>>> print(open('upload_23.cif').read())   # mmCIF, C-alpha atoms and all ligand atoms
data_target
loop_
_atom_site.label_atom_id
_atom_site.label_comp_id
_atom_site.auth_asym_id
_atom_site.auth_seq_id
_atom_site.Cartn_x
_atom_site.Cartn_y
_atom_site.Cartn_z
CA MET W 1 -6.32 8.95 -12.02
CA LEU W 2 -2.68 8.75 -10.96
CA LYS W 3 -0.21 9.89 -13.61
CA VAL W 4 3.49 9.21 -13.17
CA ASP W 5 5.54 10.86 -15.86
CA ASN W 6 9.24 10.13 -16.35
CA VAL W 7 10.09 9.82 -12.68
CA SER W 8 13.72 9.20 -11.78
CA PHE W 9 15.26 8.89 -8.34
CA SER W 10 18.74 8.48 -6.89
CA TYR W 11 20.09 8.09 -3.37
CA ARG W 12 23.19 10.29 -3.61
CA THR W 13 24.96 8.76 -6.60
CA LYS W 14 23.01 5.51 -6.71
CA LYS W 15 20.35 5.63 -9.41
CA VAL W 16 17.33 3.59 -8.35
CA LEU W 17 14.48 4.66 -10.64
CA ASP W 18 15.04 5.61 -14.25
CA ASN W 19 12.22 7.35 -16.13
CA VAL W 20 9.26 5.45 -14.71
CA SER W 21 5.96 6.39 -16.39
CA ILE W 22 2.51 4.94 -15.84
CA GLU W 23 -1.12 6.05 -15.82
CA ILE W 24 -3.33 4.29 -13.29
CA GLU W 25 -7.12 4.48 -13.41
CA ASP W 26 -9.24 4.72 -10.26
CA GLY W 27 -10.05 1.29 -8.88
CA GLU W 28 -7.12 -0.55 -10.46
CA ILE W 29 -4.92 -2.92 -8.46
CA ILE W 30 -1.30 -2.56 -9.51
CA GLY W 31 1.46 -4.92 -8.40
CA LEU W 32 5.04 -3.69 -8.10
CA VAL W 33 7.45 -6.55 -8.66
CA GLY W 34 11.18 -7.09 -9.05
CA GLU W 35 14.24 -8.39 -7.25
CA ASN W 36 15.44 -7.17 -3.84
CA GLY W 37 16.81 -3.66 -4.10
CA ALA W 38 15.09 -2.96 -7.44
CA GLY W 39 13.34 0.17 -6.14
CA LYS W 40 9.81 -0.91 -5.29
CA THR W 41 9.77 0.58 -1.78
CA THR W 42 11.44 3.72 -3.07
CA PHE W 43 8.71 4.11 -5.69
CA LEU W 44 5.98 3.56 -3.06
CA ASN W 45 7.61 6.17 -0.81
CA ILE W 46 7.57 8.63 -3.70
CA LEU W 47 3.87 7.92 -4.36
CA ALA W 48 3.25 8.37 -0.62
CA THR W 49 4.91 11.86 -0.85
CA LEU W 50 7.65 10.74 1.59
CA LEU W 51 10.41 11.09 -1.01
CA LYS W 52 10.64 13.63 -3.81
CA PRO W 53 11.54 12.46 -7.31
CA ARG W 54 14.76 13.98 -8.67
CA LYS W 55 13.12 14.27 -12.06
CA GLY W 56 9.64 13.90 -13.54
CA THR W 57 6.13 14.77 -12.39
CA ILE W 58 3.29 13.02 -10.62
CA THR W 59 -0.35 14.12 -10.55
CA TYR W 60 -3.26 12.57 -8.70
CA ASN W 61 -6.74 13.57 -9.87
CA ASP W 62 -5.18 16.57 -11.59
CA MET W 63 -3.43 17.70 -8.39
CA LYS W 64 0.31 18.09 -8.82
CA TYR W 65 2.43 16.36 -6.18
CA LYS W 66 4.79 19.35 -6.17
CA SER W 67 2.18 21.96 -5.27
CA LYS W 68 -0.68 20.05 -3.61
CA LYS W 69 1.14 17.73 -1.25
CA SER W 70 -1.12 18.13 1.78
CA ALA W 71 -4.34 17.72 -0.22
CA ILE W 72 -2.93 14.60 -1.86
CA ARG W 73 -1.81 13.17 1.49
CA LYS W 74 -5.39 13.23 2.71
CA GLN W 75 -6.31 10.87 -0.11
CA ILE W 76 -3.54 8.39 0.59
CA GLY W 77 -3.51 5.36 2.87
CA TYR W 78 -0.02 3.96 3.39
CA VAL W 79 0.87 0.64 4.98
CA PRO W 80 4.66 0.49 5.33
CA GLN W 81 6.56 -2.76 5.61
CA ASP W 82 7.48 -2.25 9.25
CA ILE W 83 4.43 -2.50 11.41
CA ALA W 84 3.97 0.64 13.50
CA LEU W 85 1.54 -0.16 16.31
CA TRP W 86 1.29 0.42 20.05
CA GLU W 87 2.08 -3.06 21.37
CA ASP W 88 0.83 -2.43 24.92
CA LEU W 89 -2.49 -0.98 23.80
CA THR W 90 -5.48 -3.03 22.70
CA VAL W 91 -6.68 -3.29 19.10
CA MET W 92 -9.47 -0.79 19.77
CA GLU W 93 -7.18 1.60 21.66
CA ASN W 94 -4.87 1.61 18.66
CA MET W 95 -7.80 2.40 16.36
CA LEU W 96 -8.95 5.22 18.67
CA PHE W 97 -5.42 6.63 18.90
CA PHE W 98 -5.04 6.80 15.13
CA GLU W 99 -8.57 8.11 14.70
CA LYS W 100 -7.59 11.09 16.87
CA LEU W 101 -4.75 11.82 14.45
CA SER W 102 -6.98 11.43 11.43
CA TRP W 103 -8.64 14.34 9.68
CA VAL W 104 -11.80 12.24 9.18
CA LYS W 105 -13.71 11.54 12.37
CA LYS W 106 -15.10 8.06 13.01
CA SER W 107 -17.35 6.71 15.76
CA GLU W 108 -16.35 3.66 17.77
CA LYS W 109 -18.99 1.70 15.85
CA GLU W 110 -17.48 2.73 12.52
CA LEU W 111 -14.00 1.77 13.72
CA LYS W 112 -15.33 -1.63 14.81
CA ASP W 113 -16.93 -2.10 11.40
CA ILE W 114 -13.56 -1.52 9.69
CA LEU W 115 -12.02 -4.17 11.95
CA LEU W 116 -14.87 -6.60 11.28
CA ASP W 117 -14.42 -6.14 7.52
CA MET W 118 -10.90 -7.38 8.21
CA GLN W 119 -12.21 -10.43 10.19
CA LEU W 120 -10.58 -8.89 13.25
CA ASP W 121 -12.89 -9.11 16.24
CA ARG W 122 -10.40 -9.22 19.12
CA PHE W 123 -11.05 -5.58 19.98
CA ASP W 124 -9.83 -5.92 23.57
CA SER W 125 -6.68 -7.94 22.96
CA LYS W 126 -3.35 -6.20 23.37
CA VAL W 127 -1.44 -5.90 20.12
CA LYS W 128 1.49 -7.85 21.58
CA GLU W 129 -0.85 -10.85 21.95
CA LEU W 130 -1.82 -10.86 18.26
CA SER W 131 -0.38 -13.03 15.48
CA GLY W 132 1.66 -11.43 12.70
CA GLY W 133 -1.30 -11.75 10.34
CA MET W 134 -3.65 -10.00 12.76
CA LYS W 135 -1.14 -7.17 13.25
CA ARG W 136 -0.93 -6.75 9.49
CA LYS W 137 -4.72 -6.57 9.30
CA LEU W 138 -4.81 -4.00 12.09
CA ASN W 139 -2.23 -1.93 10.24
CA LEU W 140 -4.38 -2.07 7.15
CA ALA W 141 -7.48 -1.15 9.18
CA ILE W 142 -5.66 1.91 10.57
CA SER W 143 -4.69 3.03 7.08
CA LEU W 144 -8.39 2.98 6.09
CA ILE W 145 -9.68 5.19 8.94
CA HIS W 146 -9.53 8.38 6.88
CA ASP W 147 -11.26 6.86 3.80
CA PRO W 148 -8.32 7.07 1.39
CA SER W 149 -8.93 6.74 -2.34
CA LEU W 150 -5.35 5.63 -3.04
CA LEU W 151 -3.98 2.77 -0.97
CA LEU W 152 -0.25 2.01 -0.98
CA LEU W 153 1.06 -1.16 0.67
CA ASP W 154 4.58 -2.50 1.03
CA GLU W 155 4.59 -6.32 1.15
CA PRO W 156 1.32 -6.53 3.10
CA THR W 157 1.19 -10.33 2.95
CA VAL W 158 4.83 -11.31 3.55
CA GLY W 159 5.47 -13.78 6.37
CA ILE W 160 1.88 -14.35 7.50
CA ASP W 161 -0.29 -17.45 7.46
CA LEU W 162 -2.38 -18.38 4.43
CA LYS W 163 -5.71 -17.48 6.06
CA SER W 164 -4.64 -13.91 6.91
CA LYS W 165 -3.12 -13.60 3.47
CA ILE W 166 -6.37 -14.58 1.76
CA GLU W 167 -8.33 -12.22 4.03
CA ILE W 168 -6.02 -9.32 3.15
CA ASN W 169 -6.28 -10.14 -0.55
CA ASP W 170 -10.07 -10.27 -0.27
CA ILE W 171 -10.14 -6.85 1.39
CA LEU W 172 -7.94 -5.31 -1.30
CA ASP W 173 -10.12 -6.86 -3.99
CA TYR W 174 -13.26 -5.55 -2.26
CA MET W 175 -11.81 -2.05 -1.86
CA SER W 176 -10.96 -1.85 -5.53
CA GLU W 177 -14.21 -3.41 -6.81
CA GLU W 178 -16.75 -1.86 -4.46
CA GLU W 179 -15.12 1.36 -3.25
CA ASN W 180 -13.25 2.12 -6.47
CA MET W 181 -10.10 2.49 -4.42
CA THR W 182 -6.82 2.43 -6.31
CA VAL W 183 -4.47 -0.12 -4.77
CA ILE W 184 -0.72 -0.20 -5.42
CA TYR W 185 1.27 -2.81 -3.59
CA THR W 186 4.47 -4.82 -3.62
CA SER W 187 4.80 -8.56 -3.27
CA HIS W 188 7.26 -11.29 -4.09
CA ASP W 189 4.44 -13.82 -4.39
CA MET W 190 3.80 -14.17 -8.11
CA ASP W 191 0.71 -16.37 -7.68
CA GLU W 192 -0.85 -13.66 -5.56
CA ILE W 193 0.15 -10.95 -8.03
CA THR W 194 -1.34 -12.77 -11.01
CA GLN W 195 -4.57 -13.50 -9.12
CA LEU W 196 -5.13 -10.11 -7.58
CA CYS W 197 -3.65 -7.47 -9.87
CA ASP W 198 -5.00 -5.85 -13.01
CA ARG W 199 -1.49 -4.86 -14.10
CA THR W 200 2.07 -4.86 -12.87
CA ILE W 201 5.13 -2.65 -13.03
CA VAL W 202 8.42 -4.52 -13.16
CA PHE W 203 11.44 -2.90 -11.49
CA GLY W 204 15.12 -3.77 -11.84
CA GLN W 205 17.24 -5.42 -14.47
CA ASP W 206 16.53 -9.09 -13.82
CA PRO W 207 14.47 -10.47 -16.76
CA PHE W 208 13.10 -13.26 -14.52
CA TYR W 209 10.00 -11.39 -13.32
CA ARG W 210 9.07 -9.99 -16.70
CA GLU W 211 9.37 -13.43 -18.33
CA LEU W 212 7.35 -15.10 -15.60
CA LEU W 213 4.55 -12.53 -15.78
CA GLU W 214 4.47 -12.68 -19.57
CA ARG W 215 4.13 -16.45 -19.40
CA GLU W 216 1.16 -15.98 -17.05
CA GLY W 217 -0.41 -13.46 -19.44
CA MET W 218 -0.23 -10.68 -16.86
CA PRO W 219 -0.20 -7.15 -18.34
CA ILE W 220 3.05 -5.27 -17.62
CA SER W 221 3.30 -1.49 -17.83
N1 LIG Q 301 17.90 5.53 2.47
C1 LIG Q 301 18.68 4.96 1.54
N2 LIG Q 301 19.92 5.43 1.29
C2 LIG Q 301 20.69 4.89 0.34
N3 LIG Q 301 20.33 3.83 -0.42
C3 LIG Q 301 19.12 3.32 -0.23
C4 LIG Q 301 18.21 3.86 0.76
N4 LIG Q 301 17.06 3.15 0.74
C5 LIG Q 301 17.22 2.21 -0.23
N5 LIG Q 301 18.46 2.31 -0.80
C6 LIG Q 301 18.96 1.49 -1.90
O1 LIG Q 301 18.15 1.72 -3.04
C7 LIG Q 301 17.88 0.51 -3.73
C8 LIG Q 301 16.38 0.31 -3.84
O2 LIG Q 301 15.87 0.01 -2.55
P1 LIG Q 301 14.34 -0.34 -2.30
O3 LIG Q 301 14.21 -0.49 -0.83
O4 LIG Q 301 13.50 0.67 -2.97
O5 LIG Q 301 14.21 -1.74 -3.04
P2 LIG Q 301 13.03 -2.81 -3.02
O6 LIG Q 301 12.69 -3.12 -4.45
O7 LIG Q 301 11.93 -2.34 -2.16
O8 LIG Q 301 13.73 -4.09 -2.38
P3 LIG Q 301 13.09 -5.26 -1.45
O9 LIG Q 301 12.45 -6.25 -2.39
O10 LIG Q 301 14.30 -5.86 -0.78
O11 LIG Q 301 12.15 -4.65 -0.49
C9 LIG Q 301 18.64 -0.58 -2.97
O12 LIG Q 301 19.86 -0.81 -3.61
C10 LIG Q 301 18.84 0.00 -1.61
O13 LIG Q 301 20.00 -0.51 -1.03
MG MG Q 302 11.04 -3.03 -0.43
#
>>> encode(input="upload_23.cif", output="structure tokens")
Amino acid sequence: MLKVDNVSFSYRTKKVLDNVSIEIEDGEIIGLVGENGAGKTTFLNILATLLKPRKGTITYNDMKYKSKKSAIRKQIGYVPQDIALWEDLTVMENMLFFEKLSWVKKSEKELKDILLDMQLDRFDSKVKELSGGMKRKLNLAISLIHDPSLLLLDEPTVGIDLKSKIEINDILDYMSEEENMTVIYTSHDMDEITQLCDRTIVFGQDPFYRELLEREGMPIS
């Protein structure tokens, strides 16, 4: 379980998060929604241990973020918004590169299986030859190499074609249902959020998102 208790965050004098609290059970899919600049990415970066909250506490499976950062990091898969891949290397070379950095060792067969789960079979294509959707799927595949139990994704389906989007949604759904992975992700696509998520957290002051989600009967925390 992930427990976020009264977390606040500011960049210098700009307050971005104000007393955010939520308890998330293993295997839940949580959508972070809200207008541009509302603090979704900031919150994800805090959950990914990349930023420290100014106030409040976070625990994951009874480990405190403050004192058990490296143990918690091993459990986290993070897919940032900007795709970080080696463009001149092939899909498989990218997987092998990141496997070397990973604390969990995987065989080439296991790495291929992760890619195939993603409907990505162009192992020998250079990344620069891939579509945006395929790059996104490769990024997601890389984040799964070390078998995380908590997966954090920043707009994983923005700007890609419908097929890749559905494939990514299917993978997230599978990970939560079958692997009991906790998935927390941001999206501006409300149809996707209402279809995929168990619950949402609304950020920012604009009542638009809250009203829309309430109309759809989507639980808001
Ligand atoms: N490194 C930074 N230094 C100062 N201010 C920042 C920094 N990063 C983000 N901000 C500001 O903090 C606020 C929250 O930004 P954040 O990126 O978390 O929003 P977001 O909800 O992810 O927005 P978007 O939907 O556009 O991705 C914004 O006003 C942003 O300008
Ligand atoms: Mg953002």
>>> closest_atom_pairs(input="upload_23.cif", of="chain W", to="ligand LIG 301 (chain Q)", cutoff="9 Å", atoms="all atoms listed in the file", output="JSON lines")
{"residue": "W:Ser10", "atom": "CA", "partner": "Q:LIG301", "partner_atom": "O1", "distance": 7.8}
{"residue": "W:Tyr11", "atom": "CA", "partner": "Q:LIG301", "partner_atom": "C2", "distance": 4.9}
{"residue": "W:Arg12", "atom": "CA", "partner": "Q:LIG301", "partner_atom": "C2", "distance": 7.1}
{"residue": "W:Lys14", "atom": "CA", "partner": "Q:LIG301", "partner_atom": "N3", "distance": 7.0}
{"residue": "W:Lys15", "atom": "CA", "partner": "Q:LIG301", "partner_atom": "O1", "distance": 7.8}
{"residue": "W:Val16", "atom": "CA", "partner": "Q:LIG301", "partner_atom": "C7", "distance": 5.6}
{"residue": "W:Leu17", "atom": "CA", "partner": "Q:LIG301", "partner_atom": "C8", "distance": 8.3}
{"residue": "W:Leu32", "atom": "CA", "partner": "Q:LIG301", "partner_atom": "O6", "distance": 8.5}
{"residue": "W:Val33", "atom": "CA", "partner": "Q:LIG301", "partner_atom": "O6", "distance": 7.5}
{"residue": "W:Gly34", "atom": "CA", "partner": "Q:LIG301", "partner_atom": "O6", "distance": 6.3}
{"residue": "W:Glu35", "atom": "CA", "partner": "Q:LIG301", "partner_atom": "O9", "distance": 5.6}
{"residue": "W:Asn36", "atom": "CA", "partner": "Q:LIG301", "partner_atom": "O9", "distance": 3.4}
{"residue": "W:Gly37", "atom": "CA", "partner": "Q:LIG301", "partner_atom": "O5", "distance": 3.4}
{"residue": "W:Ala38", "atom": "CA", "partner": "Q:LIG301", "partner_atom": "O6", "distance": 3.8}
{"residue": "W:Gly39", "atom": "CA", "partner": "Q:LIG301", "partner_atom": "O4", "distance": 3.2}
{"residue": "W:Lys40", "atom": "CA", "partner": "Q:LIG301", "partner_atom": "O6", "distance": 3.7}
{"residue": "W:Thr41", "atom": "CA", "partner": "Q:LIG301", "partner_atom": "O7", "distance": 3.7}
{"residue": "W:Thr42", "atom": "CA", "partner": "Q:LIG301", "partner_atom": "O4", "distance": 3.7}
{"residue": "W:Phe43", "atom": "CA", "partner": "Q:LIG301", "partner_atom": "O4", "distance": 6.5}
{"residue": "W:Leu44", "atom": "CA", "partner": "Q:LIG301", "partner_atom": "O4", "distance": 8.1}
{"residue": "W:Asn45", "atom": "CA", "partner": "Q:LIG301", "partner_atom": "O4", "distance": 8.3}
{"residue": "W:Gln81", "atom": "CA", "partner": "Q:LIG301", "partner_atom": "O11", "distance": 8.5}
{"residue": "W:Asp154", "atom": "CA", "partner": "Q:LIG301", "partner_atom": "O7", "distance": 8.0}
{"residue": "W:Glu155", "atom": "CA", "partner": "Q:LIG301", "partner_atom": "O11", "distance": 7.9}
{"residue": "W:Thr186", "atom": "CA", "partner": "Q:LIG301", "partner_atom": "O7", "distance": 8.0}
{"residue": "W:Ser187", "atom": "CA", "partner": "Q:LIG301", "partner_atom": "O9", "distance": 8.0}
{"residue": "W:His188", "atom": "CA", "partner": "Q:LIG301", "partner_atom": "O9", "distance": 7.4}
{"residue": "W:Phe203", "atom": "CA", "partner": "Q:LIG301", "partner_atom": "O6", "distance": 7.2}
{"residue": "W:Gly204", "atom": "CA", "partner": "Q:LIG301", "partner_atom": "O6", "distance": 7.8}
>>> closest_residue(input="upload_23.cif", among="W:Pro80, W:Glu179, W:Pro207, W:Ser164", to="ligand MG 302 (chain Q)", atoms="all atoms listed in the file")
W:Pro80
>>> atom_distance(input="upload_23.cif", atom1="atom CA of Val4 of chain W", atom2="atom CA of Ile24 of chain W")
8.4 Å
>>> closest_residue(input="upload_23.cif", among="W:Ile76, W:Leu212, W:Ile83, W:Met218", to="Asp147 of chain W", atoms="only C-alpha atoms")
W:Ile76
>>> residues_near_point(input="upload_23.cif", point="(-9.1, 7.7, -9.4)", cutoff="10 Å", atoms="all atoms listed in the file", output="ChimeraX atom specification")
/W:1-2,24-28,60-62,149-150,180-182
